[in-house]
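Report on the following structure.
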Amino acid sequence: MTSARARVADLIRRVPPPVWPLVAIVLVVLLGNGIFVLRLANNDPISWTAGISHQLCRITCGRPMIDPNVGFVTVSEGHLAAMDLLHGHWPWWNYFEGLGQPLLGEMQSAAFFPLTLLFGLNAGLLWFHITLEVIAGVSTYYLARRLSVPMLAATGVAMVFALNGTYAWLGNAVLNPVAFLPMLLLGIEMILDSTTSATQRGWYVAAIALALSLYAGFPEVAYLDGLFCGAWAVVRVFSVPGARRPRALRRLATGGVVGVVLALPVLVPFEDFLKVAYIGSHTAAVDGISRLPGYTFSMFFDPYVYGTIFSNPNVANAWAGIGGYLTTTTLVLAFVGLFGSRHRPLRVLLALWSVLGLAGALDLARTRDLWNLIPLVSSSSFPRYIMPSVEVAVVVLAGLGFADLIARARSRRLLLTGTVVTTLLIAYCALAARSHNAGVVLTHKKAIIQIGLDLLPFVALALVLGVSFLALTSRWRVVPWLLAVIMAGEAVVLFFVPTAESPKQITIDTAPIAYLQAHQGEGRFLDLAVLYPNWGTVFGLNELSAIDLPFPKSFKNYIEDRLYSGLNPGNQFTVKGGMTGIVALEDQVVRHFKNYEAAGVKYLLMNTRVPIDPRLTRLGVRKVFSDSVGLATIYSMPHPRPFFSTTDPSCTVTSTHPDQATVHCAKATTLTRLELSMKGWSATVNGVATPLTTLDGVYQQVAVPAGTSTVTYRFLPPHEHLALLAGLLGVLFLVGSVVNERRRFVPRWPGRGAHASLE
């Protein structure tokens, strides 16, 4: 036992001191996700974004995340992209969603994002999020250190940002670019610090961070984060002596340009898709005036003042628009940071950005109009997507305040003042929330939980208050350690709250999935509240139902004209509103029965507890499968159109892949393919390029001659070959610059050349 302890102690001594902060950040991230890492709960969003599973709750089952797109898009399309790449295929197209649509160009799939490969694992979403959180924390640590924040303080703020409010609440692709915001800021700082030498490593970091934030799959967040980075660069460049500013500006520009060029392989398909896509409310006329209700002010500083996610019906609408929160300990230290003198212009920027960001989200004093003067801001969901940059601004300001506490005794008095001010703010938030909490009926268990949630910020403030008094005594040495522990502890607890709402166990009803996999072939199924869109993508099932954004405009128009009259919004072709929604969709199937069959719908997947509309049975719909657990029943349509068909009924068509068909006809005819017609698709008949035409505004047609023909289809996003070439040139330029710099600055040692010396 003694020798084992000695070996452990020796191993610890051998670890370099700079490694310990990184180890601490990783451990805190694992602790925040511990309920999933230890398999005490399951974070698979299928439990609450589909109706094909049973779940076992531990304490209470609620919403562990705000946005259901974590299931509809992040997991489903991320899984498809990962499997395409792992099997050596380009992730250009999603065949399983609706009539098919771009996969890479959809952007939220993050199809070219390196971490998307993690979705090939069983617990892919968990490790995807953990990896992003670690990157966010480590980047924040090095950013703080670059600003001369002491190691302990830098570790504390890094832990907070690793488990920030956006990561705790949202879950979907919105959070993907957030990890690269502090990395991009780090690159900017490295550029400014390197202006005294010929080394250029800073712009490499900035270019890679910018490219990754774009590949991450949510351009609105990347854009708003980029605005913050631009403001940071403008302020910080004036800290560089005038003679060195041109060099700094050149390297900043180089990093920005190279970063965008590296990201062209994903930006170009996205832009091409936008030209023919429906983007919902993301227009200046709608998003430009969106704001959060005034009562959400309290949620920014006291995250669970209204209970857990969607638990309070009085404020349910607010959750869909909010994007994160701030911790009380960070607010106290940010208050201290307001009054420091070092990096004074940067502190002013951080404070202004935080205040204006929150004010814009709430549209206080018409601040949103000011933000809308910036190009493209009016077409983004500003209240939600501004929060990551606000969070990093407050965290960095807190880091500077923490550094002031360590460096200057007079700043320690500000810790007490900041604690009192923050306590008054949290008390106001709690009092302001009382009217919206009134009348909410809670079970005894939930009432106890809510009391604990209400006390969380006050407990943290009480601990900081105790540390504040301790800071004024001679025991100062322990104060920074205590503050770091309180910061990390509060971040972990607040992050843990939504995860605790996850089910202990999820059991997926695989029987209907297996039946469809065995019998569907190239046909499609229509979901009626069992396997919600786009979960068919995960299981390799063609599902006519679809939810996405951007959404093919031609398919949206076809849905509204031929499949679901009056559908609103047009990008959500699915059941909405429980039983009422199921009945409404059944009615639409009855009304447009032939159009559903013409779309290749072979099966209806329905909840067993819902009786089928008698009109459907009269039209020839019949039950073909019902599972043993009484959850799902499958009905077959009488005459679904085959995926490939010809205008000549005497022709024979065989196919083993949606991109190829063999046609045998006695005379020339037209082959129809039930895949969405879109620019980028091409076809060859017996190896000869043949024009594609469009049927009914959505389906593909190609002329085939008499005899036997092999028709092959291929999709490549328009202009993607040029984008890939540009991206490759960007990679070569980046690698070449790094290699050239290493060759120029590697010292020459004796024996390595004719001019080797000991200098």
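Following the order of the structure tokens, first chain is A, next is B, and so on, with residues numbered from 1 inside each chain and ligands from 1 in the order they appear.
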
Surrounding residues of A:Met183 excluding itself and chain neighbours under 2 positions, 9 Å, only C-alpha atoms, as a list in words: Ile135, Ala136, Val138, Ser139, Thr140, Tyr142, Leu143, Ala179, Phe180, Leu181, Leu185, Leu186, Gly187, Ile188, Val205, Ala206, Ile208, Ala209 and Leu210 of chain A

Can you tell me, as a PDB file with N, CA and C atoms, in the first residue's frame, what residues are no more than 9 Å from A:Arg244 when counting only C-alpha atoms, ignoring any on the same chain fewer than 3 positions away?
ATOM      1  N   LEU A 192      -1.559  40.107 -31.594  1.00  0.00           N
ATOM      2  CA  LEU A 192      -1.127  41.403 -31.052  1.00  0.00           C
ATOM      3  C   LEU A 192       0.169  41.264 -30.261  1.00  0.00           C
ATOM      4  N   THR A 195       3.579  41.027 -32.510  1.00  0.00           N
ATOM      5  CA  THR A 195       3.981  42.096 -33.440  1.00  0.00           C
ATOM      6  C   THR A 195       5.415  42.560 -33.219  1.00  0.00           C
ATOM      7  N   THR A 196       6.016  42.164 -32.101  1.00  0.00           N
ATOM      8  CA  THR A 196       7.414  42.535 -31.874  1.00  0.00           C
ATOM      9  C   THR A 196       8.374  41.583 -32.563  1.00  0.00           C
ATOM     10  N   VAL A 240      -1.422  48.363 -29.067  1.00  0.00           N
ATOM     11  CA  VAL A 240      -0.154  48.106 -29.746  1.00  0.00           C
ATOM     12  C   VAL A 240       0.449  49.451 -30.162  1.00  0.00           C
ATOM     13  N   PRO A 241       1.745  49.653 -29.936  1.00  0.00           N
ATOM     14  CA  PRO A 241       2.370  50.900 -30.393  1.00  0.00           C
ATOM     15  C   PRO A 241       2.103  51.159 -31.865  1.00  0.00           C
ATOM     16  N   ARG A 247       1.485  45.893 -38.934  1.00  0.00           N
ATOM     17  CA  ARG A 247       1.762  44.455 -38.912  1.00  0.00           C
ATOM     18  C   ARG A 247       0.625  43.699 -38.240  1.00  0.00           C
ATOM     19  N   ALA A 248       0.104  44.249 -37.125  1.00  0.00           N
ATOM     20  CA  ALA A 248      -1.007  43.605 -36.429  1.00  0.00           C
ATOM     21  C   ALA A 248      -2.237  43.527 -37.330  1.00  0.00           C
ATOM     22  N   LEU A 249      -2.532  44.604 -38.034  1.00  0.00           N
ATOM     23  CA  LEU A 249      -3.707  44.628 -38.909  1.00  0.00           C
ATOM     24  C   LEU A 249      -3.559  43.646 -40.060  1.00  0.00           C
TER      25      LEU A 249
END

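Taking only C-alpha atoms, the non-local environment of stretch 214-218 of chain A within 7 Å (same-chain residues fewer than 4 positions away omitted) comprises Met107, Gln108, Ser109, Ala110, Phe112, Phe113, Ala173, Val174, Asn176, Pro177, Leu210, Ala222, Ala263 and Val266 of chain A.
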
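Nearest residue to A:Asn42, choosing from A:Thr116, A:Ser682, A:Asn542, A:Thr499 and counting only C-alpha atoms: A:Thr499.
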
Please, which residues of stretch 637-724 of chain A, numbered as in this document, come out helix (DSSP H, G or I) from DSSP, as a compact mmCIF listing (two decimals) with N, CA and C atoms, in the first residue's frame?
# COMPACT_ATOMS: atom_id res chain seq x y z
N GLU A 720 -19.54 23.49 -55.60
CA GLU A 720 -18.77 22.88 -54.52
C GLU A 720 -17.38 22.49 -54.97
N HIS A 721 -17.21 22.15 -56.23
CA HIS A 721 -15.86 21.78 -56.69
C HIS A 721 -14.91 22.97 -56.57
N LEU A 722 -15.43 24.18 -56.84
CA LEU A 722 -14.59 25.38 -56.68
C LEU A 722 -14.33 25.65 -55.20
N ALA A 723 -15.37 25.44 -54.36
CA ALA A 723 -15.20 25.66 -52.93
C ALA A 723 -14.18 24.70 -52.33
N LEU A 724 -14.23 23.43 -52.76
CA LEU A 724 -13.25 22.45 -52.26
C LEU A 724 -11.84 22.82 -52.71

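Closest approach to A:Val23 from the set A:Thr367, A:Thr155, A:Ser194, A:Ser148 is made by A:Thr155, with distances taken over only C-alpha atoms.
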
Shell of 12 Å around stretch 440-448 of chain A, only C-alpha atoms, local chain residues under 6 positions omitted, as an NGL selection string: :A and (58-62 or 306-308 or 311-315 or 434 or 454-455 or 501)

DSSP-assigned strand (DSSP E or B) members of stretch 497-553 of chain A, reported as a ChimeraX atom specification: /A:505-508,524-528,543,546-547,551-552

7 Å contact set for stretch 325-338 of chain A, only C-alpha atoms, chain neighbours under 4 positions out, as a PyMOL selection string: chain A and resi 165+299-301+303+347+391+394-395+397-398+400-402+414-415+418-419+422+457+460-461+487+491

Selected residues written out, N, CA and C atoms, as a CSV table (one decimal), in the first residue's frame:
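File again_19.csv, as written:
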chain,number,residue,atom,x,y,z
A,165,GLY,N,-24.0,28.8,-19.4
A,165,GLY,CA,-25.5,28.7,-19.5
A,165,GLY,C,-26.0,28.2,-20.8
A,299,MET,N,-34.2,35.6,-15.3
A,299,MET,CA,-33.7,34.3,-15.6
A,299,MET,C,-32.2,34.4,-16.0
A,300,PHE,N,-31.8,35.6,-16.5
A,300,PHE,CA,-30.3,35.8,-16.8
A,300,PHE,C,-29.4,35.7,-15.6
A,301,PHE,N,-29.9,36.1,-14.4
A,301,PHE,CA,-29.1,36.1,-13.2
A,301,PHE,C,-29.5,35.1,-12.2
A,303,PRO,N,-31.1,31.6,-12.8
A,303,PRO,CA,-31.5,30.7,-13.9
A,303,PRO,C,-32.8,30.0,-13.6
A,347,ARG,N,-11.8,46.4,-20.7
A,347,ARG,CA,-12.8,46.2,-19.6
A,347,ARG,C,-14.1,47.0,-20.0
A,391,GLU,N,-21.8,35.9,-22.3
A,391,GLU,CA,-21.2,35.1,-21.2
A,391,GLU,C,-19.7,35.1,-21.2
A,394,VAL,N,-18.5,38.5,-19.8
A,394,VAL,CA,-18.6,38.6,-18.3
A,394,VAL,C,-17.5,37.7,-17.7
A,395,VAL,N,-17.3,36.5,-18.3
A,395,VAL,CA,-16.3,35.6,-17.7
A,395,VAL,C,-14.9,36.3,-17.8
A,397,LEU,N,-14.2,39.5,-18.0
A,397,LEU,CA,-14.2,40.6,-17.0
A,397,LEU,C,-14.0,40.0,-15.6
A,398,ALA,N,-14.6,38.9,-15.3
A,398,ALA,CA,-14.5,38.3,-14.0
A,398,ALA,C,-13.0,37.8,-13.8
A,400,LEU,N,-10.4,39.2,-15.1
A,400,LEU,CA,-9.5,40.4,-14.8
A,400,LEU,C,-9.8,40.9,-13.3
A,401,GLY,N,-11.1,40.8,-12.9
A,401,GLY,CA,-11.3,41.2,-11.5
A,401,GLY,C,-10.7,40.2,-10.5
A,402,PHE,N,-10.7,39.0,-10.8
A,402,PHE,CA,-10.0,38.0,-9.9
A,402,PHE,C,-8.5,38.3,-9.9
A,414,LEU,N,-13.5,45.8,-2.9
A,414,LEU,CA,-14.6,45.8,-3.9
A,414,LEU,C,-15.3,44.4,-3.9
A,415,LEU,N,-14.6,43.4,-3.4
A,415,LEU,CA,-15.3,42.1,-3.4
A,415,LEU,C,-16.5,42.1,-2.5
A,418,GLY,N,-19.1,44.2,-4.3
A,418,GLY,CA,-19.7,43.5,-5.4
A,418,GLY,C,-20.7,42.4,-5.0
A,419,THR,N,-20.4,41.8,-3.8
A,419,THR,CA,-21.3,40.8,-3.3
A,419,THR,C,-22.6,41.4,-2.8
A,422,THR,N,-24.6,42.4,-6.0
A,422,THR,CA,-25.1,41.2,-6.7
A,422,THR,C,-26.3,40.6,-5.9
A,457,PRO,N,-28.6,30.6,-5.7
A,457,PRO,CA,-27.8,31.8,-5.9
A,457,PRO,C,-27.5,32.4,-4.5
A,460,ALA,N,-24.6,30.6,-2.9
A,460,ALA,CA,-23.3,31.0,-3.5
A,460,ALA,C,-22.9,32.4,-3.0
A,461,LEU,N,-23.8,33.3,-2.9
A,461,LEU,CA,-23.5,34.6,-2.5
A,461,LEU,C,-23.1,34.7,-1.0
A,487,MET,N,-16.7,29.3,-7.5
A,487,MET,CA,-17.0,29.6,-8.9
A,487,MET,C,-17.3,28.2,-9.6
A,491,ALA,N,-21.1,26.7,-10.9
A,491,ALA,CA,-21.2,26.4,-12.3
A,491,ALA,C,-21.7,24.9,-12.4

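Of note, atom CA of A:Phe382 and atom CA of A:Ile309 are spaced 20.1 Å apart.
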
A:Phe119 environment, 8 Å, only C-alpha atoms, sequence neighbours closer than 5 positions dropped, as a count of residues only: 7

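Residues in contact range of A:Val497, defined as at most 9 Å between only C-alpha atoms, with sequence neighbours fewer than 5 positions away removed, read Pro64, Ala168, Tyr304, Thr308, Leu453 and Val492 of chain A.
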
Just to be explicit: take each residue in the selection above, keep N, CA and C atoms, and write the result as an mmCIF file, in the first residue's frame.
data_model
loop_
_atom_site.group_PDB
_atom_site.id
_atom_site.type_symbol
_atom_site.label_atom_id
_atom_site.label_comp_id
_atom_site.auth_asym_id
_atom_site.auth_seq_id
_atom_site.Cartn_x
_atom_site.Cartn_y
_atom_site.Cartn_z
ATOM 1 N N PRO A 64 -34.652 18.117 -20.288
ATOM 2 C CA PRO A 64 -33.246 18.361 -19.965
ATOM 3 C C PRO A 64 -32.607 19.417 -20.849
ATOM 4 N N ALA A 168 -25.607 24.533 -20.851
ATOM 5 C CA ALA A 168 -26.497 23.900 -19.889
ATOM 6 C C ALA A 168 -27.916 23.775 -20.418
ATOM 7 N N TYR A 304 -33.022 29.496 -12.401
ATOM 8 C CA TYR A 304 -34.168 28.639 -12.129
ATOM 9 C C TYR A 304 -35.177 29.323 -11.208
ATOM 10 N N THR A 308 -37.466 24.650 -13.361
ATOM 11 C CA THR A 308 -36.645 24.036 -14.397
ATOM 12 C C THR A 308 -37.262 24.292 -15.775
ATOM 13 N N LEU A 453 -33.723 25.166 -5.507
ATOM 14 C CA LEU A 453 -33.310 25.968 -6.653
ATOM 15 C C LEU A 453 -33.339 27.454 -6.315
ATOM 16 N N VAL A 492 -21.052 24.021 -11.669
ATOM 17 C CA VAL A 492 -21.392 22.589 -11.761
ATOM 18 C C VAL A 492 -22.825 22.346 -11.324
#

Distance of atom CA of A:Ala488 from atom CA of A:Arg410, expressed in Å to one decimal place: 24.8 Å

Given only C-alpha atoms as the counted atoms, nearest of A:Glu97, A:Glu490, A:Asp272, A:Asp613 to A:Met678: A:Asp272

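Nearest to A:Thr199 of all the residues A:Leu567, A:Val739, A:Val704, A:Val149 is A:Val739, based on only C-alpha atoms.
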
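The interatomic distance for the pair atom CA of A:Trp90 and atom CA of A:Lys275 works out to 21.9 Å.
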
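Distance check against A:Gly687 using only C-alpha atoms: of A:Val711, A:Leu494, A:Leu619, A:Leu405, the minimum falls on A:Val711.
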